[in-house]
$ cat upload-v3.cif   # mmCIF, C-alpha atoms
data_input
#
loop_
_atom_site.label_atom_id
_atom_site.label_comp_id
_atom_site.auth_asym_id
_atom_site.auth_seq_id
_atom_site.Cartn_x
_atom_site.Cartn_y
_atom_site.Cartn_z
CA MET N 1 117.85 116.26 107.34
CA LEU N 2 115.16 113.97 105.97
CA ARG N 3 113.10 115.12 103.03
CA HIS N 4 110.79 112.18 102.47
CA ILE N 5 109.90 108.95 104.17
CA TYR N 6 109.18 106.64 101.29
CA ILE N 7 106.66 103.85 101.48
CA GLU N 8 109.28 101.17 100.82
CA THR N 9 111.33 102.33 103.81
CA VAL N 10 108.44 102.17 106.24
CA VAL N 11 107.31 98.73 105.09
CA GLU N 12 110.57 97.28 106.37
CA CYS N 13 109.12 97.82 109.86
CA ARG N 14 106.05 95.64 109.23
CA PHE N 15 106.93 93.28 112.09
CA SER N 16 105.93 96.02 114.53
CA TYR N 17 103.89 99.15 114.08
CA THR N 18 105.31 100.81 117.17
CA TYR N 19 107.38 102.88 114.72
CA ILE N 20 104.40 105.13 114.31
CA CYS N 21 105.09 106.56 117.77
CA ILE N 22 108.72 107.35 116.97
CA PHE N 23 109.03 110.92 115.77
CA ILE N 24 111.74 111.54 113.21
CA PRO N 25 113.34 115.01 113.06
CA PHE N 26 112.29 116.74 109.88
CA ASP N 27 113.47 120.02 108.47
CA LEU N 28 110.32 121.97 107.67
CA GLY N 29 112.44 124.21 105.50
CA ALA N 30 113.10 121.37 103.08
CA ASN N 31 111.45 121.88 99.72
CA MET N 32 109.22 119.12 98.38
CA VAL N 33 109.93 119.15 94.69
CA GLY N 34 107.61 118.30 91.81
CA PRO N 35 108.60 118.38 88.14
CA THR N 36 107.80 122.10 87.81
CA PHE N 37 107.06 123.33 91.34
CA SER N 38 108.70 123.20 94.74
CA VAL N 39 106.56 123.17 97.91
CA ASP N 40 108.11 125.30 100.64
CA MET N 41 107.32 123.57 103.94
CA ASN N 42 108.08 126.78 105.86
CA LYS N 43 105.11 128.53 104.26
CA PRO N 44 101.35 127.79 104.49
CA LEU N 45 100.68 124.74 102.34
CA ALA N 46 97.02 124.92 101.33
CA PHE N 47 97.46 127.16 98.31
CA GLN N 48 100.85 125.76 97.30
CA VAL N 49 99.99 122.11 96.67
CA GLY N 50 97.65 122.91 93.78
CA HIS N 51 100.65 123.94 91.70
CA LEU N 52 102.04 120.39 91.82
CA GLY N 53 99.62 119.36 89.07
CA GLU N 54 100.06 115.74 88.04
CA ALA N 55 102.86 115.31 90.60
CA TYR N 56 100.45 115.93 93.50
CA ASP N 57 99.26 112.33 93.91
CA GLU N 58 102.79 110.97 94.25
CA TRP N 59 103.82 113.83 96.56
CA VAL N 60 100.88 113.53 98.94
CA HIS N 61 101.41 109.77 99.35
CA GLN N 62 105.03 110.14 100.44
CA PRO N 63 104.27 110.47 104.17
CA ILE N 64 106.27 112.54 106.61
CA VAL N 65 106.24 110.74 109.96
CA ALA N 66 107.12 113.76 112.05
CA LYS N 67 105.80 115.52 115.13
CA GLU N 68 105.49 118.92 113.47
CA SER N 69 102.09 120.21 112.39
CA PRO N 70 102.42 122.26 109.19
CA ARG N 71 100.57 125.52 108.68
CA PHE N 72 97.75 125.63 106.12
CA PHE N 73 96.73 129.29 105.88
CA HIS N 74 98.24 132.73 106.46
CA ASN N 75 95.10 133.89 108.25
CA ASP N 76 95.29 133.00 111.96
CA PHE N 77 91.51 132.84 112.38
CA ILE N 78 91.02 130.35 109.55
CA GLU N 79 94.10 128.38 110.61
CA ARG N 80 92.61 127.89 114.07
CA PHE N 81 89.69 125.95 112.58
CA THR N 82 91.99 123.45 110.85
CA ARG N 83 93.14 121.92 114.14
CA THR N 84 90.78 119.86 116.31
CA PRO N 85 91.64 117.76 119.40
CA TRP N 86 90.04 114.30 119.24
CA TRP N 87 87.94 114.79 122.38
CA VAL N 88 86.01 117.65 120.76
CA VAL N 89 84.15 115.11 118.61
CA PRO N 90 82.39 113.14 121.39
CA LEU N 91 82.04 116.25 123.57
CA PHE N 92 80.29 118.20 120.83
CA TRP N 93 78.25 115.49 119.08
CA LEU N 94 77.15 113.03 121.81
CA PRO N 95 74.56 115.44 123.31
CA ILE N 96 73.10 115.88 119.82
CA VAL N 97 72.95 112.10 119.37
CA TRP N 98 71.07 111.83 122.67
CA TRP N 99 68.63 114.55 121.59
CA LEU N 100 67.99 112.86 118.23
CA VAL N 101 67.62 109.31 119.52
CA SER N 102 66.06 109.67 122.97
CA SER N 103 62.52 108.28 122.97
CA LYS N 104 60.33 105.96 124.99
CA ASN N 105 59.55 104.10 121.79
CA GLY N 106 61.95 101.16 121.59
CA SER N 107 61.60 100.96 117.81
CA HIS N 108 63.52 104.23 117.58
CA LEU N 109 66.54 102.53 119.14
CA VAL N 110 66.34 99.81 116.51
CA VAL N 111 66.36 102.46 113.78
CA ALA N 112 69.29 104.20 115.47
CA GLY N 113 71.18 100.90 115.55
CA GLY N 114 70.55 100.58 111.84
CA GLY N 115 72.00 104.07 111.43
CA VAL N 116 75.22 103.00 113.15
CA LEU N 117 75.54 100.06 110.75
CA LEU N 118 74.67 102.25 107.77
CA PHE N 119 77.41 104.68 108.68
CA SER N 120 80.03 101.93 108.30
CA LEU N 121 79.04 101.79 104.60
CA LEU N 122 79.01 105.59 104.32
CA GLU N 123 82.46 105.67 105.95
CA TYR N 124 83.80 103.25 103.35
CA CYS N 125 82.23 105.07 100.39
CA LEU N 126 83.32 108.53 101.53
CA HIS N 127 86.86 107.36 102.21
CA ARG N 128 87.21 105.51 98.93
CA PHE N 129 85.40 107.78 96.46
CA LEU N 130 85.57 111.27 98.00
CA PHE N 131 88.67 111.33 100.19
CA HIS N 132 90.72 109.47 97.55
CA PHE N 133 89.44 111.09 94.37
CA LYS N 134 92.10 111.55 91.72
CA THR N 135 92.98 115.09 90.76
CA THR N 136 95.61 116.98 88.78
CA THR N 137 94.06 120.47 88.71
CA TYR N 138 95.00 123.36 90.98
CA TRP N 139 91.71 123.56 92.87
CA GLY N 140 91.21 119.80 92.86
CA ASN N 141 94.62 119.30 94.49
CA THR N 142 93.94 122.10 96.97
CA VAL N 143 90.54 120.75 98.06
CA HIS N 144 91.84 117.19 98.30
CA TYR N 145 94.79 118.25 100.44
CA ILE N 146 92.61 120.19 102.89
CA LEU N 147 89.98 117.43 103.02
CA HIS N 148 92.16 114.34 103.36
CA GLY N 149 95.51 114.63 101.61
CA CYS N 150 97.05 116.41 104.59
CA HIS N 151 96.35 113.33 106.71
CA HIS N 152 98.26 111.09 104.30
CA LYS N 153 101.12 113.57 104.03
CA HIS N 154 101.34 114.08 107.82
CA PRO N 155 99.73 110.95 109.36
CA MET N 156 101.01 111.78 112.86
CA ASP N 157 99.52 115.28 112.98
CA HIS N 158 97.17 114.58 115.90
CA LEU N 159 95.30 117.88 115.55
CA ARG N 160 94.29 117.21 111.93
CA LEU N 161 92.99 113.70 112.28
CA VAL N 162 89.34 114.21 113.24
CA LEU N 163 86.90 116.42 111.33
CA PRO N 164 86.35 119.93 112.73
CA PRO N 165 82.68 120.27 113.81
CA PRO N 166 81.83 122.89 111.12
CA LEU N 167 83.04 120.58 108.34
CA ALA N 168 81.36 117.54 109.90
CA ALA N 169 78.13 119.57 110.18
CA LEU N 170 78.15 120.15 106.41
CA PHE N 171 78.24 116.38 105.81
CA ILE N 172 75.57 115.70 108.44
CA ILE N 173 73.16 118.34 107.10
CA THR N 174 73.65 117.00 103.57
CA PHE N 175 72.85 113.45 104.66
CA TRP N 176 69.85 114.74 106.65
CA TYR N 177 68.23 116.31 103.58
CA ILE N 178 69.03 113.32 101.35
CA THR N 179 67.62 110.87 103.89
CA LYS N 180 64.56 113.07 104.37
CA LEU N 181 63.54 112.24 100.80
CA PHE N 182 63.02 108.61 101.78
CA ILE N 183 62.27 108.50 105.52
CA ALA N 184 59.86 110.61 107.55
CA GLU N 185 59.87 111.59 111.20
CA PRO N 186 60.15 110.30 113.87
CA TYR N 187 62.39 107.66 112.31
CA LEU N 188 64.45 110.20 110.39
CA SER N 189 65.92 111.72 113.55
CA ALA N 190 66.64 108.29 115.03
CA LEU N 191 68.43 107.14 111.87
CA ILE N 192 70.52 110.32 111.61
CA GLY N 193 71.31 110.05 115.34
CA GLY N 194 72.55 106.50 114.79
CA GLU N 195 74.67 107.57 111.84
CA LEU N 196 76.10 110.39 113.93
CA LEU N 197 76.98 107.92 116.68
CA GLY N 198 78.67 105.78 114.03
CA TYR N 199 80.68 108.84 112.99
CA ILE N 200 81.80 109.46 116.58
CA ILE N 201 82.93 105.83 116.85
CA TYR N 202 84.76 106.19 113.54
CA ASP N 203 86.68 109.34 114.46
CA CYS N 204 87.63 108.08 117.94
CA THR N 205 88.71 104.71 116.51
CA HIS N 206 90.75 106.44 113.82
CA TYR N 207 92.56 108.56 116.39
CA HIS N 208 93.23 105.47 118.53
CA LEU N 209 94.74 103.59 115.57
CA HIS N 210 97.26 106.37 114.98
CA HIS N 211 98.18 107.36 118.51
CA ALA N 212 97.42 104.59 121.03
CA LYS N 213 99.98 102.08 122.26
CA SER N 214 100.36 99.05 120.00
CA PHE N 215 99.44 96.22 122.36
CA THR N 216 95.72 96.80 122.51
CA PRO N 217 92.63 94.86 121.37
CA LEU N 218 92.76 96.96 118.19
CA LEU N 219 96.31 95.94 117.24
CA LEU N 220 95.24 93.97 114.14
CA LYS N 221 93.04 96.85 113.03
CA LYS N 222 95.96 99.23 113.60
CA ARG N 223 98.19 97.12 111.35
CA TYR N 224 95.45 97.04 108.73
CA HIS N 225 95.08 100.84 108.76
CA MET N 226 98.83 101.48 108.76
CA SER N 227 99.02 99.32 105.66
CA HIS N 228 96.63 101.78 103.99
CA HIS N 229 98.94 104.67 104.89
CA PHE N 230 102.37 103.19 104.29
CA ARG N 231 102.00 100.23 101.93
CA ILE N 232 99.04 100.52 99.57
CA HIS N 233 96.75 103.54 99.83
CA GLU N 234 94.42 102.22 97.13
CA LYS N 235 93.11 99.49 99.42
CA GLY N 236 91.97 99.23 103.04
CA PHE N 237 89.40 102.03 103.13
CA GLY N 238 87.48 100.76 106.15
CA VAL N 239 88.50 102.12 109.55
CA THR N 240 85.91 100.77 111.99
CA THR N 241 85.41 97.53 110.04
CA THR N 242 87.05 95.57 107.23
CA PHE N 243 83.68 94.13 106.12
CA TRP N 244 83.06 96.50 103.22
CA ASP N 245 86.63 96.12 101.95
CA TRP N 246 85.93 92.39 101.84
CA VAL N 247 82.60 92.92 100.03
CA PHE N 248 84.01 95.29 97.40
CA GLY N 249 87.39 93.60 96.88
CA THR N 250 89.64 96.26 98.41
CA LEU N 251 90.93 94.18 101.31
CA PRO N 252 94.76 94.48 101.31
CA SER N 253 96.76 91.26 101.21
CA ASP N 254 99.10 90.36 104.08
#
$ encode --input "upload-v3.cif" --output "structure tokens"
Amino acid sequence: MLRHIYIETVVECRFSYTYICIFIPFDLGANMVGPTFSVDMNKPLAFQVGHLGEAYDEWVHQPIVAKESPRFFHNDFIERFTRTPWWVVPLFWLPIVWWLVSSKNGSHLVVAGGGVLLFSLLEYCLHRFLFHFKTTTYWGNTVHYILHGCHHKHPMDHLRLVLPPPLAALFIITFWYITKLFIAEPYLSALIGGELLGYIIYDCTHYHLHHAKSFTPLLLKKRYHMSHHFRIHEKGFGVTTTFWDWVFGTLPSD
């Protein structure tokens, strides 16, 4: 039985990141213990992790490299929406991108291209400041775990790696109304369409880095992202590009 896979243990495999495809048997009945609370891995996790308090940050960054996908909620209907196959993202969003960007005016394509580049900055900022916000409260821990902490705790859970369309839609609608304050139509739709295409590239790239074979053109990027998960989670926030990590000083050292 293996209760935790500690960061130091995984780093010993730095010479090859093929370890990420090796599933280690894990007893989901093992309790994950904080100073005053024990998380029962056999029960839905979403409303347990909040009780960890100050111990949550350490707990959530002790990854379990296992094939099992833990349950979040008791309710089957809600639980169904927490799991999303990677291919749902391009299948659902690409037609919307086409609808937003399609135009005989070539300048719209330039704006859309700018949207793709802008999303790389949004990706970095969201990952660094929202997905990695520090919390010790019950609801803060709970929201963080559902939003991103679950991915760090179970990095090989392939059904909880991309954003479910309803959650992604909340982000997209928010950015739409914020952008609308500064840019008018028809360029607004083209810009949002470009950002949405950037998001699709991001989610598909992210899935590839976790689950594709190692010897690919993205091998160096895979090593960079695995460093974020298993070596130093406070650096390496870029997924599609390392540029913004370089700009803001969060590029992990070799």
$ axis_aligned_box --input "upload-v3.cif" --around "range 64-72 of chain N" --padding-each-side "8 Å" --output "AutoDock Vina command-line options"
--center_x 102.4 --center_y 118.2 --center_z 110.6 --size_x 25.4 --size_y 30.9 --size_z 25.0
$ closest_residue --input "upload-v3.cif" --among "N:Cys204, N:Leu163, N:Val143, N:Cys125" --to "Thr250 in chain N" --atoms "only C-alpha atoms"
N:Cys125
$ resolve_selection --input "upload-v3.cif" --expression "the PyMOL selection byres ((chain N and resi 43-56) around 6)" --output "compact mmCIF listing (two decimals) with C-alpha atoms, in the coordinates of the input"
# COMPACT_ATOMS: atom_id res chain seq x y z
CA GLY N 34 107.61 118.30 91.81
CA PHE N 37 107.06 123.33 91.34
CA ASP N 40 108.11 125.30 100.64
CA MET N 41 107.32 123.57 103.94
CA ASN N 42 108.08 126.78 105.86
CA ASP N 57 99.26 112.33 93.91
CA GLU N 58 102.79 110.97 94.25
CA TRP N 59 103.82 113.83 96.56
CA VAL N 60 100.88 113.53 98.94
CA ARG N 71 100.57 125.52 108.68
CA PHE N 72 97.75 125.63 106.12
CA PHE N 73 96.73 129.29 105.88
CA THR N 136 95.61 116.98 88.78
CA THR N 137 94.06 120.47 88.71
CA TYR N 138 95.00 123.36 90.98
CA ASN N 141 94.62 119.30 94.49
CA THR N 142 93.94 122.10 96.97
$ closest_residue --input "upload-v3.cif" --among "N:Tyr207, N:Phe119, N:Trp99, N:Tyr224" --to "Trp87 in chain N" --atoms "only C-alpha atoms"
N:Tyr207
$ atom_distance --input "upload-v3.cif" --atom1 "CA of Leu219 in chain N" --atom2 "CA of Glu234 in chain N"
21.2 Å
$ atom_distance --input "upload-v3.cif" --atom1 "CA of Thr135 in chain N" --atom2 "CA of His74 in chain N"
24.2 Å
$ closest_residue --input "upload-v3.cif" --among "N:Gln62, N:Trp139, N:His132, N:Lys222" --to "Thr205 in chain N" --atoms "only C-alpha atoms"
N:Lys222
$ closest_atom_pairs --input "upload-v3.cif" --of "range 85-116 of chain N" --to "range 183-199 of chain N" --cutoff "7 Å" --atoms "only C-alpha atoms" --output "JSON lines"
{"residue": "N:Val97", "atom": "CA", "partner": "N:Gly193", "partner_atom": "CA", "distance": 4.8}
{"residue": "N:Leu100", "atom": "CA", "partner": "N:Gly193", "partner_atom": "CA", "distance": 5.2}
{"residue": "N:Val101", "atom": "CA", "partner": "N:Ala190", "partner_atom": "CA", "distance": 4.7}
{"residue": "N:His108", "atom": "CA", "partner": "N:Ala190", "partner_atom": "CA", "distance": 5.7}
{"residue": "N:Val111", "atom": "CA", "partner": "N:Leu191", "partner_atom": "CA", "distance": 5.5}
{"residue": "N:Ala112", "atom": "CA", "partner": "N:Gly194", "partner_atom": "CA", "distance": 4.0}
{"residue": "N:Gly113", "atom": "CA", "partner": "N:Gly194", "partner_atom": "CA", "distance": 5.8}
{"residue": "N:Gly114", "atom": "CA", "partner": "N:Leu191", "partner_atom": "CA", "distance": 6.9}
{"residue": "N:Gly115", "atom": "CA", "partner": "N:Gly194", "partner_atom": "CA", "distance": 4.2}
{"residue": "N:Val116", "atom": "CA", "partner": "N:Gly198", "partner_atom": "CA", "distance": 4.5}
$ closest_residue --input "upload-v3.cif" --among "N:Tyr124, N:Phe171, N:Phe81, N:Phe237" --to "Pro252 in chain N" --atoms "all atoms listed in the file"
N:Phe237
$ atom_distance --input "upload-v3.cif" --atom1 "CA of Ile172 in chain N" --atom2 "CA of Gly238 in chain N"
19.2 Å
$ residues_around --input "upload-v3.cif" --residues "His152 in chain N" --least-positions-apart "5" --cutoff "12 Å" --atoms "all atoms listed in the file" --output "count of residues only"
30
$ closest_residue --input "upload-v3.cif" --among "N:Thr84, N:Ser69, N:Ser102, N:Ser253" --to "His154 in chain N" --atoms "all atoms listed in the file"
N:Ser69
$ build_atoms --input "upload-v3.cif" --residues "range 202-215 of chain N" --atoms "N, CA, C and O atoms" --output "PDB file, in the frame of the given file"
ATOM      1  N   TYR N 202      83.748 106.180 114.607  1.00  0.00           N
ATOM      2  CA  TYR N 202      84.760 106.190 113.540  1.00  0.00           C
ATOM      3  C   TYR N 202      85.919 107.124 113.877  1.00  0.00           C
ATOM      4  O   TYR N 202      87.095 106.734 113.805  1.00  0.00           O
ATOM      5  N   ASP N 203      85.616 108.374 114.218  1.00  0.00           N
ATOM      6  CA  ASP N 203      86.680 109.340 114.460  1.00  0.00           C
ATOM      7  C   ASP N 203      87.528 108.961 115.684  1.00  0.00           C
ATOM      8  O   ASP N 203      88.760 109.105 115.665  1.00  0.00           O
ATOM      9  N   CYS N 204      86.882 108.479 116.742  1.00  0.00           N
ATOM     10  CA  CYS N 204      87.630 108.080 117.940  1.00  0.00           C
ATOM     11  C   CYS N 204      88.487 106.839 117.665  1.00  0.00           C
ATOM     12  O   CYS N 204      89.622 106.738 118.139  1.00  0.00           O
ATOM     13  N   THR N 205      87.932 105.897 116.895  1.00  0.00           N
ATOM     14  CA  THR N 205      88.710 104.710 116.510  1.00  0.00           C
ATOM     15  C   THR N 205      89.902 105.104 115.658  1.00  0.00           C
ATOM     16  O   THR N 205      91.023 104.607 115.850  1.00  0.00           O
ATOM     17  N   HIS N 206      89.678 105.994 114.708  1.00  0.00           N
ATOM     18  CA  HIS N 206      90.750 106.440 113.820  1.00  0.00           C
ATOM     19  C   HIS N 206      91.888 107.081 114.613  1.00  0.00           C
ATOM     20  O   HIS N 206      93.075 106.802 114.374  1.00  0.00           O
ATOM     21  N   TYR N 207      91.532 107.938 115.564  1.00  0.00           N
ATOM     22  CA  TYR N 207      92.560 108.560 116.390  1.00  0.00           C
ATOM     23  C   TYR N 207      93.324 107.498 117.184  1.00  0.00           C
ATOM     24  O   TYR N 207      94.558 107.548 117.288  1.00  0.00           O
ATOM     25  N   HIS N 208      92.605 106.539 117.742  1.00  0.00           N
ATOM     26  CA  HIS N 208      93.230 105.470 118.530  1.00  0.00           C
ATOM     27  C   HIS N 208      94.234 104.693 117.669  1.00  0.00           C
ATOM     28  O   HIS N 208      95.340 104.376 118.127  1.00  0.00           O
ATOM     29  N   LEU N 209      93.868 104.386 116.433  1.00  0.00           N
ATOM     30  CA  LEU N 209      94.740 103.590 115.570  1.00  0.00           C
ATOM     31  C   LEU N 209      96.053 104.301 115.283  1.00  0.00           C
ATOM     32  O   LEU N 209      97.080 103.653 115.072  1.00  0.00           O
ATOM     33  N   HIS N 210      96.032 105.621 115.266  1.00  0.00           N
ATOM     34  CA  HIS N 210      97.260 106.370 114.980  1.00  0.00           C
ATOM     35  C   HIS N 210      98.090 106.669 116.222  1.00  0.00           C
ATOM     36  O   HIS N 210      99.311 106.777 116.126  1.00  0.00           O
ATOM     37  N   HIS N 211      97.456 106.803 117.375  1.00  0.00           N
ATOM     38  CA  HIS N 211      98.180 107.360 118.510  1.00  0.00           C
ATOM     39  C   HIS N 211      98.165 106.519 119.785  1.00  0.00           C
ATOM     40  O   HIS N 211      98.859 106.871 120.745  1.00  0.00           O
ATOM     41  N   ALA N 212      97.417 105.429 119.836  1.00  0.00           N
ATOM     42  CA  ALA N 212      97.420 104.590 121.030  1.00  0.00           C
ATOM     43  C   ALA N 212      98.603 103.641 121.016  1.00  0.00           C
ATOM     44  O   ALA N 212      99.225 103.409 119.976  1.00  0.00           O
ATOM     45  N   LYS N 213      98.928 103.072 122.179  1.00  0.00           N
ATOM     46  CA  LYS N 213      99.980 102.080 122.260  1.00  0.00           C
ATOM     47  C   LYS N 213      99.611 100.851 121.440  1.00  0.00           C
ATOM     48  O   LYS N 213      98.437 100.525 121.280  1.00  0.00           O
ATOM     49  N   SER N 214     100.605 100.128 120.956  1.00  0.00           N
ATOM     50  CA  SER N 214     100.360  99.050 120.000  1.00  0.00           C
ATOM     51  C   SER N 214      99.639  97.855 120.596  1.00  0.00           C
ATOM     52  O   SER N 214      98.800  97.249 119.948  1.00  0.00           O
ATOM     53  N   PHE N 215      99.987  97.465 121.810  1.00  0.00           N
ATOM     54  CA  PHE N 215      99.440  96.220 122.360  1.00  0.00           C
ATOM     55  C   PHE N 215      98.076  96.474 122.976  1.00  0.00           C
ATOM     56  O   PHE N 215      97.911  96.614 124.170  1.00  0.00           O
TER      57      PHE N 215
END
